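Shown below: work_22.cif, with mmCIF, C-alpha atoms.
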```
data_structure
#
loop_
_atom_site.label_atom_id
_atom_site.label_comp_id
_atom_site.auth_asym_id
_atom_site.auth_seq_id
_atom_site.Cartn_x
_atom_site.Cartn_y
_atom_site.Cartn_z
CA MET A 1 117.64 108.75 144.11
CA ASP A 2 120.02 106.82 141.93
CA ILE A 3 118.88 105.29 138.71
CA GLY A 4 118.58 101.54 139.11
CA LEU A 5 117.23 98.46 137.44
CA THR A 6 113.62 99.33 138.29
CA HIS A 7 113.71 102.61 136.38
CA TYR A 8 114.83 100.92 133.18
CA LEU A 9 112.28 98.13 133.58
CA VAL A 10 109.40 100.58 134.13
CA LEU A 11 110.49 102.62 131.09
CA ALA A 12 110.61 99.47 128.96
CA VAL A 13 107.14 98.45 130.16
CA LEU A 14 105.80 101.90 129.26
CA LEU A 15 107.26 101.71 125.75
CA PHE A 16 105.92 98.17 125.32
CA GLY A 17 102.47 99.27 126.46
CA ILE A 18 102.39 102.19 124.04
CA GLY A 19 103.48 99.87 121.24
CA LEU A 20 100.85 97.32 122.21
CA TYR A 21 98.12 99.95 122.19
CA GLY A 22 99.22 101.17 118.76
CA ALA A 23 99.50 97.71 117.27
CA LEU A 24 96.02 96.80 118.49
CA SER A 25 94.21 100.01 117.67
CA ARG A 26 95.57 101.48 114.42
CA ARG A 27 94.24 100.83 110.93
CA HIS A 28 97.30 101.57 108.87
CA ALA A 29 99.56 98.54 108.33
CA ILE A 30 102.80 100.56 108.37
CA VAL A 31 101.90 102.07 111.75
CA ILE A 32 101.32 98.58 113.11
CA LEU A 33 104.78 97.57 111.86
CA MET A 34 106.31 100.62 113.56
CA CYS A 35 104.58 99.71 116.82
CA ILE A 36 105.97 96.17 116.61
CA GLU A 37 109.44 97.71 116.26
CA LEU A 38 108.75 99.75 119.39
CA MET A 39 107.86 96.62 121.34
CA LEU A 40 111.05 94.88 120.16
CA ASN A 41 113.07 97.87 121.33
CA ALA A 42 111.41 97.78 124.74
CA ALA A 43 112.45 94.15 125.09
CA ASN A 44 116.01 95.11 124.10
CA ILE A 45 116.14 97.76 126.85
CA MET A 46 115.06 95.12 129.36
CA LEU A 47 117.75 92.68 128.18
CA VAL A 48 120.54 95.25 128.41
CA ALA A 49 119.35 96.47 131.81
CA PHE A 50 119.27 92.95 133.21
CA SER A 51 122.68 92.21 131.77
CA LYS A 52 124.10 95.25 133.50
CA TYR A 53 122.42 94.95 136.89
CA THR A 54 121.82 91.29 137.64
CA ALA A 55 123.90 89.22 135.26
CA TYR A 56 126.53 86.72 136.20
CA HIS A 57 128.30 87.35 132.94
CA GLN A 58 127.88 90.89 131.70
CA PHE A 59 127.79 90.32 127.95
CA ASP A 60 125.18 87.55 127.66
CA GLY A 61 122.28 89.98 127.42
CA GLN A 62 124.12 92.15 124.92
CA ALA A 63 124.78 89.15 122.66
CA LEU A 64 121.05 88.33 122.78
CA VAL A 65 120.27 91.91 121.73
CA MET A 66 122.50 91.44 118.67
CA PHE A 67 120.29 88.54 117.57
CA CYS A 68 117.21 90.68 118.23
CA PHE A 69 118.61 93.23 115.77
CA VAL A 70 118.91 90.53 113.10
CA VAL A 71 115.38 89.31 113.68
CA ALA A 72 114.00 92.86 113.61
CA ALA A 73 115.71 93.60 110.29
CA ALA A 74 114.39 90.37 108.73
CA GLU A 75 110.90 91.02 110.09
CA VAL A 76 110.70 94.59 108.79
CA SER A 77 111.94 93.66 105.31
CA VAL A 78 109.42 90.85 104.87
CA GLY A 79 106.62 92.91 106.43
CA LEU A 80 107.19 95.88 104.16
CA ALA A 81 107.36 93.58 101.12
CA ILE A 82 103.95 92.15 102.02
CA ILE A 83 102.54 95.66 102.60
CA ILE A 84 103.87 96.93 99.24
CA THR A 85 102.40 93.91 97.43
CA PHE A 86 99.04 94.42 99.08
CA TYR A 87 99.12 98.11 98.20
CA ARG A 88 99.86 97.31 94.57
CA ARG A 89 96.80 95.07 94.36
CA ARG A 90 94.26 97.10 96.32
CA LYS A 91 95.66 100.69 96.25
CA ASN A 92 94.99 100.67 99.97
CA ILE A 93 96.67 99.40 103.11
CA ASP A 94 93.79 99.53 105.55
CA ILE A 95 94.23 96.59 107.88
CA ARG A 96 90.47 95.91 107.85
CA ASP A 97 90.72 94.92 104.19
CA VAL A 98 93.37 92.31 104.89
CA ASN A 99 90.99 89.42 105.36
CA LEU A 100 91.94 87.14 102.47
CA LEU A 101 92.77 84.28 104.84
CA LYS A 102 89.70 84.74 107.02
CA TRP A 103 87.60 81.62 107.15
CA MET B 104 124.95 113.00 139.01
CA GLY B 105 125.18 113.30 135.26
CA ILE B 106 123.93 109.87 134.34
CA ASN B 107 120.69 110.34 136.30
CA ILE B 108 119.88 113.54 134.42
CA MET B 109 120.73 111.82 131.13
CA PHE B 110 118.40 108.95 131.99
CA TRP B 111 115.44 111.22 132.69
CA ILE B 112 115.99 113.28 129.51
CA LEU B 113 116.37 110.18 127.33
CA ALA B 114 113.40 108.44 128.93
CA ALA B 115 111.18 111.48 128.32
CA MET B 116 112.38 111.62 124.70
CA ALA B 117 111.72 107.90 124.19
CA VAL B 118 108.19 108.05 125.59
CA THR B 119 107.43 111.22 123.60
CA GLY B 120 108.64 109.56 120.40
CA ALA B 121 106.55 106.46 121.08
CA LEU B 122 103.46 108.61 121.70
CA MET B 123 104.17 110.46 118.44
CA VAL B 124 104.21 107.14 116.57
CA VAL B 125 100.80 106.25 117.94
CA ASN B 126 99.09 109.64 117.85
CA MET B 127 100.42 111.67 114.92
CA ARG B 128 97.89 111.98 112.13
CA SER B 129 100.51 112.24 109.40
CA LEU B 130 102.42 109.01 108.79
CA PHE B 131 105.63 110.83 107.96
CA ARG B 132 105.63 112.54 111.35
CA ALA B 133 104.94 109.20 113.02
CA ALA B 134 108.07 107.85 111.32
CA LEU B 135 110.06 110.84 112.57
CA GLY B 136 108.80 110.11 116.10
CA LEU B 137 109.99 106.53 115.64
CA ILE B 138 113.45 107.84 114.75
CA MET B 139 113.48 110.02 117.87
CA CYS B 140 112.53 107.02 119.99
CA PHE B 141 115.28 104.86 118.45
CA LEU B 142 117.87 107.59 118.97
CA SER B 143 117.02 108.00 122.64
CA ILE B 144 117.06 104.23 123.11
CA ALA B 145 120.60 104.24 121.68
CA GLY B 146 121.45 106.86 124.33
CA LEU B 147 119.89 104.66 127.01
CA PHE B 148 122.11 101.77 125.91
CA ILE B 149 125.10 104.05 126.38
CA THR B 150 123.95 104.98 129.89
CA LEU B 151 123.75 101.22 130.56
CA SER B 152 127.47 101.04 129.59
CA ALA B 153 126.73 99.19 126.35
CA GLU B 154 128.32 101.63 123.91
CA TYR B 155 128.73 99.06 121.16
CA LEU B 156 125.02 98.26 121.16
CA GLY B 157 124.19 101.97 121.12
CA ILE B 158 126.20 102.49 117.97
CA VAL B 159 124.79 99.36 116.32
CA GLN B 160 121.30 100.56 117.27
CA ILE B 161 121.89 103.82 115.41
CA LEU B 162 123.35 102.01 112.39
CA VAL B 163 120.73 99.28 112.09
CA TYR B 164 117.55 100.88 113.36
CA ILE B 165 117.93 104.44 112.13
CA GLY B 166 120.18 103.78 109.14
CA ALA B 167 118.28 100.80 107.81
CA ILE B 168 114.90 100.12 109.38
CA ALA B 169 113.64 103.68 109.81
CA VAL B 170 114.78 104.64 106.32
CA LEU B 171 113.04 101.55 104.91
CA ILE B 172 109.82 102.48 106.74
CA ILE B 173 110.00 106.08 105.47
CA MET B 174 110.48 104.78 101.91
CA ALA B 175 107.40 102.59 102.30
CA VAL B 176 105.43 105.57 103.65
CA VAL B 177 106.45 107.70 100.68
CA MET B 178 105.69 104.93 98.17
CA THR B 179 102.14 104.47 99.46
CA ARG B 180 101.36 108.14 99.66
CA GLU B 181 97.98 108.05 97.89
CA VAL B 182 96.32 106.24 100.79
CA GLU B 183 93.93 108.93 101.85
CA HIS B 184 93.04 108.08 105.43
CA SER B 185 96.29 107.98 107.32
CA ASN B 186 96.87 107.10 110.95
CA LEU B 187 93.29 106.48 112.12
CA ALA B 188 92.00 104.35 114.95
CA SER B 189 90.14 101.14 114.29
CA PRO B 190 86.82 100.31 116.00
CA TYR B 191 88.79 98.40 118.63
CA LYS B 192 90.21 101.53 120.23
CA LEU B 193 88.66 101.13 123.67
CA PRO B 194 89.57 97.44 124.14
CA ALA B 195 93.09 98.29 122.93
CA ILE B 196 93.45 101.06 125.53
CA ALA B 197 92.04 98.81 128.22
CA SER B 198 94.35 95.90 127.46
CA ALA B 199 97.44 98.11 127.14
CA LEU B 200 96.67 99.82 130.46
CA ALA B 201 96.03 96.47 132.10
CA PHE B 202 99.35 95.16 130.80
CA ILE B 203 101.24 98.24 132.01
CA GLY B 204 99.59 98.09 135.43
CA ILE B 205 100.22 94.40 136.00
CA ALA B 206 103.80 94.55 134.72
CA ILE B 207 104.73 97.59 136.84
CA TRP B 208 103.11 96.01 139.89
CA ALA B 209 105.13 92.84 139.31
CA ILE B 210 108.36 94.78 138.79
CA LEU B 211 107.94 96.84 141.94
CA ASN B 212 107.05 93.84 144.08
CA THR B 213 109.87 91.56 142.96
CA LYS B 214 113.10 91.45 144.89
CA TRP B 215 115.70 91.51 142.14
CA PRO B 216 119.11 90.04 142.82
CA THR B 217 121.40 93.03 142.51
CA THR B 218 124.92 92.06 141.68
CA VAL B 219 125.85 95.46 140.38
CA ILE B 220 128.98 95.32 138.29
CA ALA B 221 131.12 98.20 139.45
CA ASN B 222 132.14 100.65 136.79
CA ASP B 223 135.82 99.82 137.06
CA MET B 224 135.12 96.12 136.50
CA ILE B 225 133.62 96.70 133.06
CA PRO B 226 136.32 95.90 130.52
CA PRO B 227 137.32 98.89 128.42
CA LEU B 228 137.15 97.01 125.12
CA GLN B 229 133.48 96.05 124.86
CA THR B 230 133.62 95.17 121.21
CA HIS B 231 136.42 92.75 121.96
CA SER B 232 134.42 91.05 124.72
CA ILE B 233 131.24 90.72 122.67
CA GLY B 234 133.26 89.37 119.77
CA GLN B 235 134.89 86.83 122.07
CA LEU B 236 131.46 85.75 123.30
CA LEU B 237 130.03 85.47 119.78
CA PHE B 238 132.93 83.96 117.87
CA GLY B 239 135.38 82.64 120.48
CA GLN B 240 135.92 79.20 121.96
CA ASP B 241 132.59 77.62 122.98
CA GLY B 242 130.87 80.82 121.97
CA LEU B 243 127.71 81.36 119.97
CA VAL B 244 129.11 80.73 116.48
CA LEU B 245 126.30 78.37 115.49
CA ALA B 246 123.69 80.96 116.46
CA VAL B 247 125.53 83.59 114.42
CA GLU B 248 125.49 81.29 111.40
CA ILE B 249 121.77 80.63 111.85
CA ALA B 250 121.12 84.38 112.11
CA ALA B 251 123.03 84.95 108.87
CA LEU B 252 120.98 82.22 107.17
CA LEU B 253 117.77 83.78 108.55
CA ILE B 254 118.56 87.19 107.12
CA VAL B 255 119.52 85.75 103.70
CA VAL B 256 116.24 83.84 103.55
CA ALA B 257 114.31 86.95 104.66
CA VAL B 258 115.89 89.14 101.98
CA ILE B 259 115.27 86.56 99.22
CA GLY B 260 111.71 86.12 100.46
CA ALA B 261 111.11 89.88 100.52
CA VAL B 262 112.36 90.23 96.93
CA SER B 263 110.24 87.35 95.68
CA VAL B 264 107.13 88.56 97.49
CA ALA B 265 107.42 92.16 96.28
CA LYS B 266 108.35 91.25 92.69
CA GLU B 267 106.01 92.42 89.94
CA LYS B 268 104.17 89.44 88.52
#
```

Here is a file; write its structure as structure tokens.
Amino acid sequence: MDIGLTHYLVLAVLLFGIGLYGALSRRHAIVILMCIELMLNAANIMLVAFSKYTAYHQFDGQALVMFCFVVAAAEVSVGLAIIITFYRRRKNIDIRDVNLLKW
Amino acid sequence: MGINIMFWILAAMAVTGALMVVNMRSLFRAALGLIMCFLSIAGLFITLSAEYLGIVQILVYIGAIAVLIIMAVVMTREVEHSNLASPYKLPAIASALAFIGIAIWAILNTKWPTTVIANDMIPPLQTHSIGQLLFGQDGLVLAVEIAALLIVVAVIGAVSVAKEK
């Protein structure tokens, strides 16, 4: 059986699901950040697969993925800065302690 | 056919890397699993005939993001309990499985329009075509400028947040 659009979509859904499980269930803030990166990558696979198999113009999806790269880089730099600051204050990055804004 | 075998190998590597990120007790090994996942996703881009994106994926994700994450892991080494589960483990498994089930059901039951671009219709100079789309006449130049502004603001914000008071 030839590899088609469905295979790539199912793979992306699996990666997104694993990332979702990790982001919801882990305590360590850096692991949550890694899982968010996984979910972004799953979305990128979907975009490239759609732009190959169903697109009217082949490079639209690939251009969108370029912007996803930019957003991922910005997100990880700000996220790690926040994590490092929190670690400096508390000597701990357990996500259950991050409740400063809880009402 | 070679590309089918490549797909299965890369897909298995990507899922294994993702499971390593979630399940490895040591954070450093979780970061190595993340690198394996990124590398196989770059290979998957190449099997989707998007070579340029595959190379940029290796440069940006492995060269910058994964190295940044590993540096953060090494800097916060004294945190004693590493990759543990929170009390919400069961709801997390349930919601992730529900998401996977519903999404796969929807994918398998949708009739996708398949206008497969034949391999000989793909232009040989991909970088040229993407550059035309991003910077050419009625392209996405404004979006590129906004992305550049976004990353400048993010870097300045990261420096000012992480600065020692």

Discussion item. Within 6 Å of chain B, which residues belong to chain A? Use only C-alpha atoms and report them as a ChimeraX atom specification.
Written reply: /A:3,17,21-22,24-28,53-54,74,78,81,85,92

Item to complete: Please indicate the distance in Å from CA of Ala63 (chain A) to CA of Asp241 (chain B), rounded to one decimal place.
Response: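 Going from CA of Ala63 (chain A) over to CA of Asp241 (chain B) covers 13.9 Å.
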
Discussion item. Suppose a student applies the PyMOL selection byres ((chain A and resi 45) around 12) to this structure; what residues should they get, written as a count of residues only?
Written reply: 47

Fill in: Nearest to Gly19 (chain A) by atom-to-atom distance, counting only C-alpha atoms, from A:Ile36, A:Ile82, A:Ala73, A:Val31
A:Ile36

Discussion item. Using the chain letters and numbers from this file, what does the PyMOL selection byres ((chain A and resi 98-102) around 12) select? Give the answer as a list in words.
Written reply: Arg27, His28, Ala29, Ile82, Ile83, Thr85, Phe86, Tyr87, Arg89, Arg90, Asn92, Ile93, Asp94, Ile95, Arg96, Asp97 and Trp103 of chain A

Response to the item:
Students should find that CA of Leu228 (chain B) and CA of Tyr56 (chain A) are spaced 18.5 Å

Worksheet entry | Between CA of Met116 (chain B) and CA of Ile161 (chain B) - distance in Å to one decimal | 15.4 Å
